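Coordinates from start-v1.txt are shown below (compact mmCIF, C-alpha atoms).
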# COMPACT_ATOMS: atom_id res chain seq x y z
CA MET A 1 8.44 -73.29 19.17
CA THR A 2 9.05 -72.17 15.66
CA ARG A 3 12.68 -71.53 15.10
CA VAL A 4 13.11 -68.12 13.60
CA PRO A 5 16.25 -66.73 12.06
CA HIS A 6 18.68 -65.57 14.67
CA THR A 7 18.58 -61.90 13.90
CA VAL A 8 14.80 -61.84 13.99
CA ALA A 9 14.75 -63.56 17.35
CA ALA A 10 17.08 -61.00 18.78
CA LEU A 11 14.97 -58.13 17.51
CA ALA A 12 11.80 -59.71 18.88
CA GLY A 13 13.49 -59.99 22.23
CA LEU A 14 14.43 -56.35 22.17
CA SER A 15 10.94 -55.13 21.43
CA LEU A 16 9.44 -57.23 24.21
CA ILE A 17 11.96 -55.85 26.63
CA GLY A 18 11.01 -52.34 25.62
CA THR A 19 7.38 -53.09 26.38
CA LEU A 20 8.08 -54.59 29.77
CA ALA A 21 10.61 -52.07 30.95
CA GLY A 22 8.52 -49.09 29.97
CA CYS A 23 5.47 -49.70 32.12
CA SER A 24 4.57 -50.37 35.69
CA GLY A 25 3.51 -53.99 35.21
CA PRO A 26 4.01 -56.59 32.53
CA ASN A 27 0.31 -57.28 32.01
CA GLN A 28 -0.65 -53.68 31.67
CA GLY A 29 2.00 -53.02 29.06
CA ALA A 30 1.29 -56.05 26.94
CA SER A 31 -2.45 -55.45 26.87
CA ASP A 32 -1.99 -51.94 25.51
CA ALA A 33 -1.26 -53.35 22.08
CA GLU A 34 -4.15 -54.93 20.19
CA PRO A 35 -3.01 -58.40 19.26
CA THR A 36 -3.39 -58.94 15.55
CA GLN A 37 -3.28 -62.68 15.99
CA ASP A 38 -3.61 -65.24 18.76
CA TYR A 39 -0.55 -66.93 20.16
CA THR A 40 -0.52 -70.28 21.86
CA ASP A 41 0.11 -70.16 25.59
CA GLY A 42 3.40 -71.57 26.73
CA GLU A 43 7.07 -70.99 27.26
CA TYR A 44 9.21 -69.98 24.35
CA SER A 45 12.89 -69.59 24.09
CA ALA A 46 15.29 -68.52 21.42
CA THR A 47 18.89 -67.67 21.06
CA GLY A 48 19.65 -64.48 19.26
CA ALA A 49 22.98 -63.88 17.65
CA TYR A 50 24.35 -60.67 16.37
CA VAL A 51 27.68 -59.47 15.13
CA SER A 52 29.15 -56.77 17.27
CA PRO A 53 32.37 -54.89 16.56
CA ASN A 54 33.93 -57.43 18.94
CA GLY A 55 32.74 -60.49 17.03
CA GLU A 56 29.63 -62.64 17.23
CA GLU A 57 27.71 -62.48 20.50
CA THR A 58 24.58 -64.24 21.69
CA ILE A 59 21.71 -63.72 24.09
CA ASP A 60 19.08 -66.24 25.23
CA VAL A 61 15.52 -65.00 25.55
CA GLU A 62 12.83 -66.99 27.36
CA VAL A 63 9.26 -65.74 27.20
CA THR A 64 6.12 -67.09 28.85
CA LEU A 65 2.86 -66.28 27.05
CA ALA A 66 -0.64 -66.54 28.52
CA ASP A 67 -3.69 -65.15 26.69
CA ASN A 68 -1.46 -63.24 24.33
CA ILE A 69 0.25 -61.53 27.27
CA VAL A 70 3.89 -61.86 28.20
CA THR A 71 3.83 -63.01 31.81
CA ASP A 72 7.50 -63.75 32.26
CA LEU A 73 10.70 -62.86 30.51
CA VAL A 74 14.23 -63.97 31.14
CA VAL A 75 17.18 -62.69 29.17
CA THR A 76 20.57 -64.30 29.58
CA SER A 77 23.57 -62.76 27.95
CA HIS A 78 26.76 -64.57 27.03
CA PRO A 79 29.31 -61.87 26.52
CA THR A 80 32.64 -63.16 25.33
CA ASN A 81 34.32 -59.85 24.95
CA PRO A 82 34.81 -57.31 27.78
CA ASN A 83 33.41 -54.50 25.66
CA THR A 84 30.35 -56.51 24.77
CA LYS A 85 29.94 -57.39 28.42
CA MET A 86 29.83 -53.69 29.12
CA PHE A 87 27.25 -52.88 26.47
CA GLN A 88 25.09 -55.90 27.22
CA GLY A 89 25.19 -54.81 30.83
CA GLN A 90 23.63 -51.51 29.83
CA PHE A 91 21.01 -53.33 27.83
CA VAL A 92 20.18 -55.85 30.52
CA ASP A 93 20.00 -53.09 33.16
CA GLY A 94 16.43 -52.44 32.07
CA ILE A 95 15.45 -55.96 33.06
CA ALA A 96 16.58 -55.60 36.64
CA GLY A 97 13.44 -53.59 37.28
CA GLN A 98 11.58 -56.90 37.11
CA VAL A 99 13.10 -58.01 40.41
CA VAL A 100 10.20 -58.28 42.84
CA GLY A 101 10.23 -55.87 45.75
CA LYS A 102 7.82 -54.70 48.43
CA ASN A 103 6.55 -51.16 48.87
CA ILE A 104 8.66 -49.47 51.51
CA ASP A 105 5.54 -47.63 52.71
CA GLU A 106 4.07 -50.98 53.75
CA LEU A 107 7.11 -52.07 55.74
CA ASP A 108 7.68 -51.40 59.42
CA VAL A 109 11.13 -49.87 59.10
CA SER A 110 12.76 -46.77 60.55
CA LYS A 111 15.50 -46.38 57.97
CA VAL A 112 16.10 -46.99 54.29
CA ALA A 113 19.51 -48.05 53.01
CA GLY A 114 20.03 -46.89 49.49
CA SER A 115 21.54 -43.94 47.78
CA SER A 116 18.49 -42.18 46.40
CA LEU A 117 19.65 -39.04 48.15
CA THR A 118 22.80 -38.27 46.26
CA SER A 119 24.98 -35.25 46.48
CA GLY A 120 23.39 -31.90 45.81
CA GLY A 121 26.16 -30.78 43.51
CA PHE A 122 25.82 -33.88 41.39
CA ASN A 123 22.06 -33.56 41.04
CA ASP A 124 22.35 -29.86 40.20
CA ALA A 125 24.79 -30.70 37.42
CA ILE A 126 22.46 -33.32 35.98
CA GLU A 127 19.60 -30.81 35.97
CA GLN A 128 21.82 -28.29 34.21
CA ILE A 129 22.72 -30.79 31.53
CA LYS A 130 19.06 -31.65 31.02
CA ALA A 131 18.28 -27.95 30.66
CA ASP A 132 21.13 -27.53 28.16
CA ALA A 133 19.93 -30.51 26.19
CA ALA A 134 16.39 -29.16 26.03
CA ALA A 135 17.46 -25.67 24.93
CA MET B 1 14.78 -44.65 70.14
CA PRO B 2 13.05 -41.39 71.19
CA PRO B 3 12.95 -38.86 68.42
CA HIS B 4 15.66 -36.31 68.86
CA SER B 5 17.06 -35.82 65.39
CA LEU B 6 19.77 -33.51 64.20
CA THR B 7 19.71 -33.07 60.43
CA PHE B 8 22.21 -31.21 58.31
CA GLU B 9 23.95 -31.19 54.94
CA ALA B 10 27.64 -32.07 54.88
CA ILE B 11 30.18 -33.38 52.36
CA GLY B 12 27.52 -33.01 49.69
CA THR B 13 24.89 -35.22 51.27
CA HIS B 14 22.11 -35.29 53.85
CA TRP B 15 22.84 -36.43 57.41
CA GLN B 16 20.57 -37.36 60.32
CA ILE B 17 21.71 -38.17 63.85
CA ASP B 18 19.10 -39.71 66.18
CA THR B 19 19.69 -39.70 69.94
CA ALA B 20 17.56 -40.15 73.06
CA GLU B 21 18.41 -36.65 74.31
CA PRO B 22 19.09 -33.56 72.20
CA LEU B 23 22.73 -32.85 71.44
CA PRO B 24 24.14 -29.81 73.22
CA ALA B 25 25.11 -26.87 71.02
CA ALA B 26 28.80 -27.18 71.85
CA LEU B 27 28.84 -30.79 70.65
CA VAL B 28 27.03 -29.87 67.45
CA THR B 29 29.64 -27.19 66.82
CA ALA B 30 32.44 -29.68 67.47
CA LEU B 31 30.86 -32.15 65.02
CA ASN B 32 30.57 -29.47 62.36
CA THR B 33 34.18 -28.44 62.85
CA ARG B 34 35.38 -32.03 62.61
CA ILE B 35 33.34 -32.76 59.49
CA ASP B 36 34.59 -29.57 57.86
CA ARG B 37 38.17 -30.56 58.61
CA PHE B 38 37.63 -33.97 57.02
CA ASP B 39 36.21 -32.23 53.95
CA ARG B 40 39.11 -29.77 53.76
CA ASP B 41 41.58 -32.65 53.99
CA TRP B 42 39.99 -35.19 51.68
CA SER B 43 37.55 -33.57 49.29
CA ARG B 44 38.39 -33.84 45.63
CA PHE B 45 35.70 -31.24 45.00
CA ARG B 46 37.32 -28.29 46.76
CA ALA B 47 40.22 -26.35 45.31
CA ASP B 48 41.61 -25.63 48.81
CA SER B 49 41.77 -29.24 50.04
CA LEU B 50 44.86 -31.23 50.90
CA VAL B 51 43.93 -33.65 48.13
CA ALA B 52 43.88 -30.74 45.66
CA ARG B 53 47.36 -29.63 46.83
CA ILE B 54 48.71 -33.17 46.53
CA SER B 55 47.37 -33.43 42.98
CA ALA B 56 49.34 -30.39 41.85
CA GLU B 57 52.86 -31.78 42.24
CA PRO B 58 54.77 -34.82 43.48
CA GLY B 59 56.19 -34.60 46.98
CA ARG B 60 56.22 -35.87 50.53
CA TRP B 61 53.03 -35.02 52.34
CA THR B 62 52.20 -35.30 56.03
CA LEU B 63 48.69 -36.70 56.16
CA PRO B 64 46.21 -36.11 59.00
CA ASP B 65 45.90 -38.66 61.81
CA ASP B 66 42.76 -40.17 60.33
CA ALA B 67 44.65 -41.27 57.20
CA GLY B 68 46.08 -44.40 58.82
CA LEU B 69 42.94 -46.54 59.02
CA LEU B 70 41.79 -45.28 55.64
CA PHE B 71 44.98 -46.21 53.82
CA GLU B 72 45.15 -49.54 55.63
CA LEU B 73 41.69 -50.43 54.33
CA TYR B 74 42.42 -49.15 50.85
CA ARG B 75 45.60 -51.21 50.68
CA ALA B 76 43.69 -54.36 51.68
CA LEU B 77 40.95 -53.71 49.12
CA TYR B 78 43.52 -52.87 46.45
CA GLU B 79 45.17 -56.27 47.00
CA ALA B 80 41.90 -58.20 47.21
CA THR B 81 40.50 -56.68 44.00
CA ASP B 82 43.73 -56.91 41.99
CA GLY B 83 43.88 -53.13 41.85
CA ALA B 84 40.26 -52.48 40.86
CA VAL B 85 39.65 -50.49 44.08
CA SER B 86 42.29 -47.79 44.44
CA PRO B 87 42.64 -44.40 46.14
CA LEU B 88 44.40 -43.23 42.97
CA ILE B 89 41.18 -43.25 40.91
CA GLY B 90 40.66 -39.47 41.06
CA ARG B 91 42.10 -38.61 37.67
CA SER B 92 40.12 -41.41 36.00
CA LEU B 93 36.90 -39.98 37.47
CA GLU B 94 37.83 -36.48 36.33
CA HIS B 95 38.54 -37.81 32.86
CA LEU B 96 34.98 -39.12 32.61
CA GLY B 97 33.60 -35.79 33.77
CA TYR B 98 33.19 -36.43 37.52
CA ASP B 99 35.36 -33.44 38.32
CA GLN B 100 35.48 -30.44 40.64
CA ALA B 101 33.07 -28.49 38.45
CA TYR B 102 30.80 -31.53 37.96
CA SER B 103 31.16 -30.97 34.22
CA LEU B 104 29.88 -34.55 33.67
CA ARG B 105 31.29 -34.43 30.18
CA PRO B 106 33.75 -37.21 29.39
CA ALA B 107 37.06 -36.27 27.81
CA GLY B 108 37.21 -39.64 26.07
CA ARG B 109 37.25 -43.27 27.06
CA GLY B 110 38.37 -44.25 30.53
CA ILE B 111 41.98 -44.01 31.64
CA PRO B 112 43.30 -46.47 34.23
CA ALA B 113 44.61 -45.27 37.58
CA PRO B 114 48.36 -45.56 38.13
CA HIS B 115 49.62 -48.66 39.96
CA TRP B 116 50.01 -48.10 43.69
CA SER B 117 53.73 -48.87 43.87
CA ASP B 118 54.51 -46.82 40.77
CA ALA B 119 52.81 -43.72 42.13
CA ILE B 120 52.81 -43.57 45.93
CA ALA B 121 54.49 -44.81 49.07
CA TRP B 122 52.74 -44.69 52.43
CA ASP B 123 54.68 -45.08 55.69
CA GLY B 124 51.79 -44.61 58.11
CA THR B 125 52.29 -40.85 58.45
CA HIS B 126 53.71 -39.56 55.22
CA LEU B 127 52.53 -40.04 51.70
CA THR B 128 55.24 -39.78 49.10
CA THR B 129 53.88 -39.17 45.64
CA LEU B 130 56.25 -39.99 42.80
CA ARG B 131 54.05 -38.20 40.28
CA PRO B 132 51.01 -35.94 40.51
CA VAL B 133 48.15 -38.13 41.70
CA THR B 134 44.54 -37.23 42.39
CA LEU B 135 43.42 -39.13 45.45
CA ASP B 136 39.77 -40.09 45.68
CA ILE B 137 38.53 -41.76 48.85
CA GLY B 138 34.96 -42.03 47.63
CA ALA B 139 34.89 -45.80 48.15
CA ALA B 140 35.16 -45.54 51.94
CA GLY B 141 35.45 -41.90 53.00
CA LYS B 142 31.84 -41.23 53.92
CA GLY B 143 31.60 -44.40 55.95
CA TYR B 144 34.79 -43.45 57.73
CA LEU B 145 33.38 -40.03 58.59
CA VAL B 146 30.27 -41.74 60.02
CA ASP B 147 32.61 -43.73 62.32
CA ILE B 148 34.43 -40.57 63.35
CA VAL B 149 31.16 -38.80 64.19
CA SER B 150 29.94 -41.91 66.04
CA GLY B 151 33.13 -41.93 68.13
CA MET B 152 32.65 -38.29 69.07
CA LEU B 153 29.05 -38.91 70.13
CA ARG B 154 30.12 -41.84 72.26
CA SER B 155 32.93 -39.86 73.90
CA ALA B 156 30.42 -37.12 74.74
CA GLY B 157 28.22 -39.64 76.56
CA PHE B 158 25.72 -40.34 73.77
CA ARG B 159 26.29 -44.09 73.69
CA ASP B 160 22.98 -44.89 72.00
CA HIS B 161 22.63 -43.30 68.58
CA VAL B 162 21.87 -43.81 64.92
CA ILE B 163 23.77 -41.95 62.22
CA ASP B 164 22.29 -41.92 58.73
CA ALA B 165 24.46 -40.28 56.08
CA SER B 166 22.33 -41.20 53.05
CA GLY B 167 23.47 -44.69 52.28
CA ASP B 168 25.85 -45.12 55.20
CA LEU B 169 24.17 -46.04 58.50
CA ARG B 170 25.56 -46.81 61.90
CA HIS B 171 23.57 -47.98 64.91
CA ARG B 172 25.26 -47.93 68.31
CA GLY B 173 24.10 -48.86 71.79
CA ALA B 174 20.96 -50.57 73.03
CA GLY B 175 18.13 -51.90 70.88
CA SER B 176 18.02 -52.28 67.14
CA ILE B 177 16.52 -50.69 64.04
CA ARG B 178 14.87 -52.22 61.00
CA VAL B 179 16.27 -50.96 57.73
CA ALA B 180 14.76 -51.41 54.27
CA LEU B 181 17.16 -52.23 51.45
CA GLU B 182 16.07 -49.78 48.78
CA HIS B 183 15.60 -51.10 45.26
CA PRO B 184 18.10 -49.07 43.23
CA LEU B 185 15.76 -48.81 40.24
CA ASP B 186 12.65 -47.94 42.27
CA PRO B 187 13.11 -45.98 45.52
CA THR B 188 9.54 -46.79 46.62
CA LYS B 189 10.44 -50.50 46.80
CA ALA B 190 12.62 -52.58 49.08
CA ILE B 191 14.26 -55.87 48.16
CA GLY B 192 14.65 -56.87 51.81
CA VAL B 193 14.78 -55.72 55.43
CA VAL B 194 17.81 -55.90 57.72
CA THR B 195 17.77 -55.64 61.51
CA LEU B 196 20.75 -53.55 62.56
CA ALA B 197 22.06 -53.73 66.13
CA GLY B 198 25.37 -52.18 67.06
CA ARG B 199 26.75 -52.36 63.54
CA ALA B 200 26.99 -50.37 60.32
CA LEU B 201 25.11 -50.86 57.05
CA CYS B 202 26.38 -49.23 53.88
CA ALA B 203 24.66 -49.22 50.50
CA SER B 204 26.11 -48.44 47.12
CA ALA B 205 24.39 -48.25 43.74
CA SER B 206 25.91 -47.47 40.37
CA ASN B 207 22.83 -45.81 38.90
CA ARG B 208 22.49 -43.05 41.45
CA ARG B 209 25.42 -40.98 40.34
CA ALA B 210 25.19 -41.71 36.66
CA TRP B 211 25.50 -39.45 33.69
CA GLY B 212 26.01 -39.57 29.95
CA ASP B 213 26.22 -42.76 28.01
CA GLY B 214 26.22 -45.38 30.74
CA LEU B 215 28.77 -43.49 32.83
CA HIS B 216 28.69 -43.65 36.61
CA HIS B 217 31.02 -43.08 39.53
CA ILE B 218 32.07 -46.65 40.36
CA LEU B 219 35.13 -47.18 38.20
CA ASP B 220 37.45 -50.14 37.88
CA ALA B 221 40.83 -48.53 38.57
CA THR B 222 42.60 -51.01 36.28
CA THR B 223 40.60 -49.81 33.26
CA GLY B 224 39.13 -46.46 34.29
CA GLN B 225 35.77 -47.75 33.01
CA PRO B 226 32.52 -47.88 34.96
CA THR B 227 31.76 -51.36 36.24
CA ARG B 228 28.69 -53.12 34.77
CA SER B 229 27.80 -56.53 36.13
CA VAL B 230 26.78 -55.45 39.66
CA ILE B 231 24.38 -52.52 40.02
CA ALA B 232 23.90 -52.33 43.81
CA THR B 233 25.49 -53.65 47.00
CA TRP B 234 24.76 -53.60 50.72
CA VAL B 235 27.23 -54.55 53.47
CA VAL B 236 26.81 -54.95 57.23
CA ALA B 237 30.03 -54.80 59.29
CA ASP B 238 31.13 -53.61 62.72
CA ASP B 239 32.09 -50.19 61.47
CA ALA B 240 31.06 -48.04 58.56
CA LEU B 241 34.58 -47.65 57.13
CA ILE B 242 34.76 -51.38 56.47
CA ALA B 243 31.11 -51.63 55.35
CA ASP B 244 31.46 -48.72 52.93
CA GLY B 245 34.74 -49.96 51.46
CA LEU B 246 33.42 -53.49 50.99
CA ALA B 247 30.20 -52.17 49.42
CA THR B 248 32.38 -50.71 46.68
CA ALA B 249 34.77 -53.64 46.45
CA LEU B 250 31.87 -56.09 45.92
CA PHE B 251 31.17 -54.38 42.59
CA PHE B 252 34.45 -55.87 41.36
CA ARG B 253 35.03 -59.17 43.12
CA ASP B 254 32.99 -61.88 44.83
CA ALA B 255 32.64 -61.99 48.60
CA ASP B 256 35.11 -64.86 49.05
CA ARG B 257 37.93 -62.45 48.17
CA PHE B 258 37.33 -60.51 51.38
CA ARG B 259 37.46 -63.27 53.98
CA GLU B 260 39.76 -61.26 56.24
CA PHE B 261 36.74 -59.08 57.06
CA ASP B 262 33.72 -59.99 59.20
CA PHE B 263 30.69 -58.91 57.16
CA GLU B 264 27.35 -59.83 55.61
CA HIS B 265 26.24 -58.57 52.23
CA ALA B 266 23.70 -58.44 49.41
CA ARG B 267 24.27 -57.71 45.73
CA LEU B 268 21.94 -56.94 42.86
CA PHE B 269 23.29 -57.83 39.43
CA ALA B 270 22.55 -56.11 36.13
CA ASP B 271 20.78 -59.23 34.87
CA GLY B 272 18.28 -59.10 37.75
CA ARG B 273 19.83 -61.74 40.00
CA VAL B 274 20.07 -61.01 43.70
CA GLU B 275 22.65 -62.50 46.07
CA PHE B 276 22.25 -62.48 49.86
CA SER B 277 24.83 -63.81 52.30
CA PRO B 278 23.19 -66.27 54.71
CA GLY B 279 23.51 -64.15 57.83
CA LEU B 280 22.27 -60.85 56.46
CA THR B 281 18.51 -61.25 56.85
CA GLU B 282 15.59 -63.61 56.51
CA GLU B 283 13.41 -60.94 54.98
CA VAL B 284 14.05 -60.97 51.25
CA PHE B 285 11.44 -59.91 48.70
CA VAL B 286 12.46 -61.69 45.54
Once more with this new file: its structure as structure tokens, please.
Amino acid sequence: MTRVPHTVAALAGLSLIGTLAGCSGPNQGASDAEPTQDYTDGEYSATGAYVSPNGEETIDVEVTLADNIVTDLVVTSHPTNPNTKMFQGQFVDGIAGQVVGKNIDELDVSKVAGSSLTSGGFNDAIEQIKADAAA
Amino acid sequence: MPPHSLTFEAIGTHWQIDTAEPLPAALVTALNTRIDRFDRDWSRFRADSLVARISAEPGRWTLPDDAGLLFELYRALYEATDGAVSPLIGRSLEHLGYDQAYSLRPAGRGIPAPHWSDAIAWDGTHLTTLRPVTLDIGAAGKGYLVDIVSGMLRSAGFRDHVIDASGDLRHRGAGSIRVALEHPLDPTKAIGVVTLAGRALCASASNRRAWGDGLHHILDATTGQPTRSVIATWVVADDALIADGLATALFFRDADRFREFDFEHARLFADGRVEFSPGLTEEVFV
């Protein structure tokens, strides 16, 4: 692939992630935007570097393109500093939604183990903060 | 199991107890009384609790009978995680806004919990606090209460039962149940299915009680900061106290640190990786 300057690669990675994380399926999201040019199918990878307050940090971004659509995306972070590790963790959190699952409705189970039902007091407080923020 | 379900709200969460026969009213009353006592002893969210009294001033406190197993587990997890899991994390949580009033407004960056030996001494009955400490048993308390309730059901003759305390499950007696492992970022999806027979399954996820700028309730006691690299855990063990405690501890250290315990587990990492221990299940959807 064409090697682009580091900072540009990192920004490109970020915008792709925004597209993927914000919709229900990768294909749907990518096809929303009218491509202004054709891209060659294939796997692309780049390392993005940026200077954080903790020094220089890097992330690897691997993208698979087919018919101008991103069909796969892998982001690997290389945090060297504990603080960066923390912030990259927040950033990479959005990617975890790409883990494949099955619809619980379609499974023959009697129980669900998760913590979607959290404490009433906690949820009430979150709603209050949202209301305050909207006021 | 035939569908007799008792549902109620307790210690801030939803509970369901399934049994073959309905529970008699006297037993339900006894369960409520026991759960309320646990809450009055251990809740960090009530001004009248024992934990609230302990936090006010240093002293020598006689703890309830149920404290023994709890502190034994906490001590083991404290050692195995190099202090990352600690019952002394209460003040750190309050500092980030997870306080009695649920203010959810951080008072600054995280503050570490005090070191165990600097702050408390536990002799099996008495807790001596050398300074004011805010205990928080959130890592294992709910699982422990599930065990206590399960023991009461068994003593009353209800040997076959399922207790579901929203994230902490215990199956006891004949048969088995199939349990979906809920995707923490999408509650309509499962990442796997576990068959549970005579054991406990506890789940923990960092994004469920989250607020503010990346803040959530699973803090590393050595830093007072929310942990980042693991976002969800599931643990199967013989009892819910152990499963619940390990589900928290696995946010901080890998499974090989906890070899003294007999358990199976799964973890979901922030970068999307999933880890399943070999014996947990063959049904994984990744």
Counting all atoms listed in the file, chain B residues within 8 Å of chain A, as an NGL selection string: :B and (12-14 or 102-104 or 166-169 or 177-193 or 201-205 or 208-209 or 211 or 214 or 227-229 or 234 or 269-273 or 285-286)
Those residues you just picked out, can you put them in a file as a CSV table (one decimal), in the coordinates of the input with C-alpha atoms?
chain,number,residue,atom,x,y,z
B,12,GLY,CA,27.5,-33.0,49.7
B,13,THR,CA,24.9,-35.2,51.3
B,14,HIS,CA,22.1,-35.3,53.8
B,102,TYR,CA,30.8,-31.5,38.0
B,103,SER,CA,31.2,-31.0,34.2
B,104,LEU,CA,29.9,-34.6,33.7
B,166,SER,CA,22.3,-41.2,53.0
B,167,GLY,CA,23.5,-44.7,52.3
B,168,ASP,CA,25.8,-45.1,55.2
B,169,LEU,CA,24.2,-46.0,58.5
B,177,ILE,CA,16.5,-50.7,64.0
B,178,ARG,CA,14.9,-52.2,61.0
B,179,VAL,CA,16.3,-51.0,57.7
B,180,ALA,CA,14.8,-51.4,54.3
B,181,LEU,CA,17.2,-52.2,51.4
B,182,GLU,CA,16.1,-49.8,48.8
B,183,HIS,CA,15.6,-51.1,45.3
B,184,PRO,CA,18.1,-49.1,43.2
B,185,LEU,CA,15.8,-48.8,40.2
B,186,ASP,CA,12.6,-47.9,42.3
B,187,PRO,CA,13.1,-46.0,45.5
B,188,THR,CA,9.5,-46.8,46.6
B,189,LYS,CA,10.4,-50.5,46.8
B,190,ALA,CA,12.6,-52.6,49.1
B,191,ILE,CA,14.3,-55.9,48.2
B,192,GLY,CA,14.6,-56.9,51.8
B,193,VAL,CA,14.8,-55.7,55.4
B,201,LEU,CA,25.1,-50.9,57.0
B,202,CYS,CA,26.4,-49.2,53.9
B,203,ALA,CA,24.7,-49.2,50.5
B,204,SER,CA,26.1,-48.4,47.1
B,205,ALA,CA,24.4,-48.2,43.7
B,208,ARG,CA,22.5,-43.0,41.4
B,209,ARG,CA,25.4,-41.0,40.3
B,211,TRP,CA,25.5,-39.4,33.7
B,214,GLY,CA,26.2,-45.4,30.7
B,227,THR,CA,31.8,-51.4,36.2
B,228,ARG,CA,28.7,-53.1,34.8
B,229,SER,CA,27.8,-56.5,36.1
B,234,TRP,CA,24.8,-53.6,50.7
B,269,PHE,CA,23.3,-57.8,39.4
B,270,ALA,CA,22.6,-56.1,36.1
B,271,ASP,CA,20.8,-59.2,34.9
B,272,GLY,CA,18.3,-59.1,37.8
B,273,ARG,CA,19.8,-61.7,40.0
B,285,PHE,CA,11.4,-59.9,48.7
B,286,VAL,CA,12.5,-61.7,45.5
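Here CA of Leu219 (chain B) is placed at a distance of 16.9 Å from CA of Gln100 (chain B).
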Near-Arg44 (chain B) list (9 Å; only C-alpha atoms; drop same-chain fewer than 2 positions) as a PyMOL selection string: chain B and resi 39+42+46-47+49-52+90+99-100+134-137
CA of Pro226 (chain B) to CA of Asp244 (chain B), straight-line distance in Å: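 So the two atoms, CA of Asp244 (chain B) and CA of Pro226 (chain B), lie 18.0 Å apart.
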Polymer residues at most 10 Å from (39.3, -40.8, 27.0) by all atoms listed in the file, as a list in words: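 The requested residues, written out, are Ser92, His95, Leu96, Pro106, Ala107, Gly108, Arg109, Gly110, Ile111, Gly224 and Gln225 of chain B.
Coordinates place CA of Ala67 (chain B) at a distance of 14.5 Å from CA of Ser86 (chain B).
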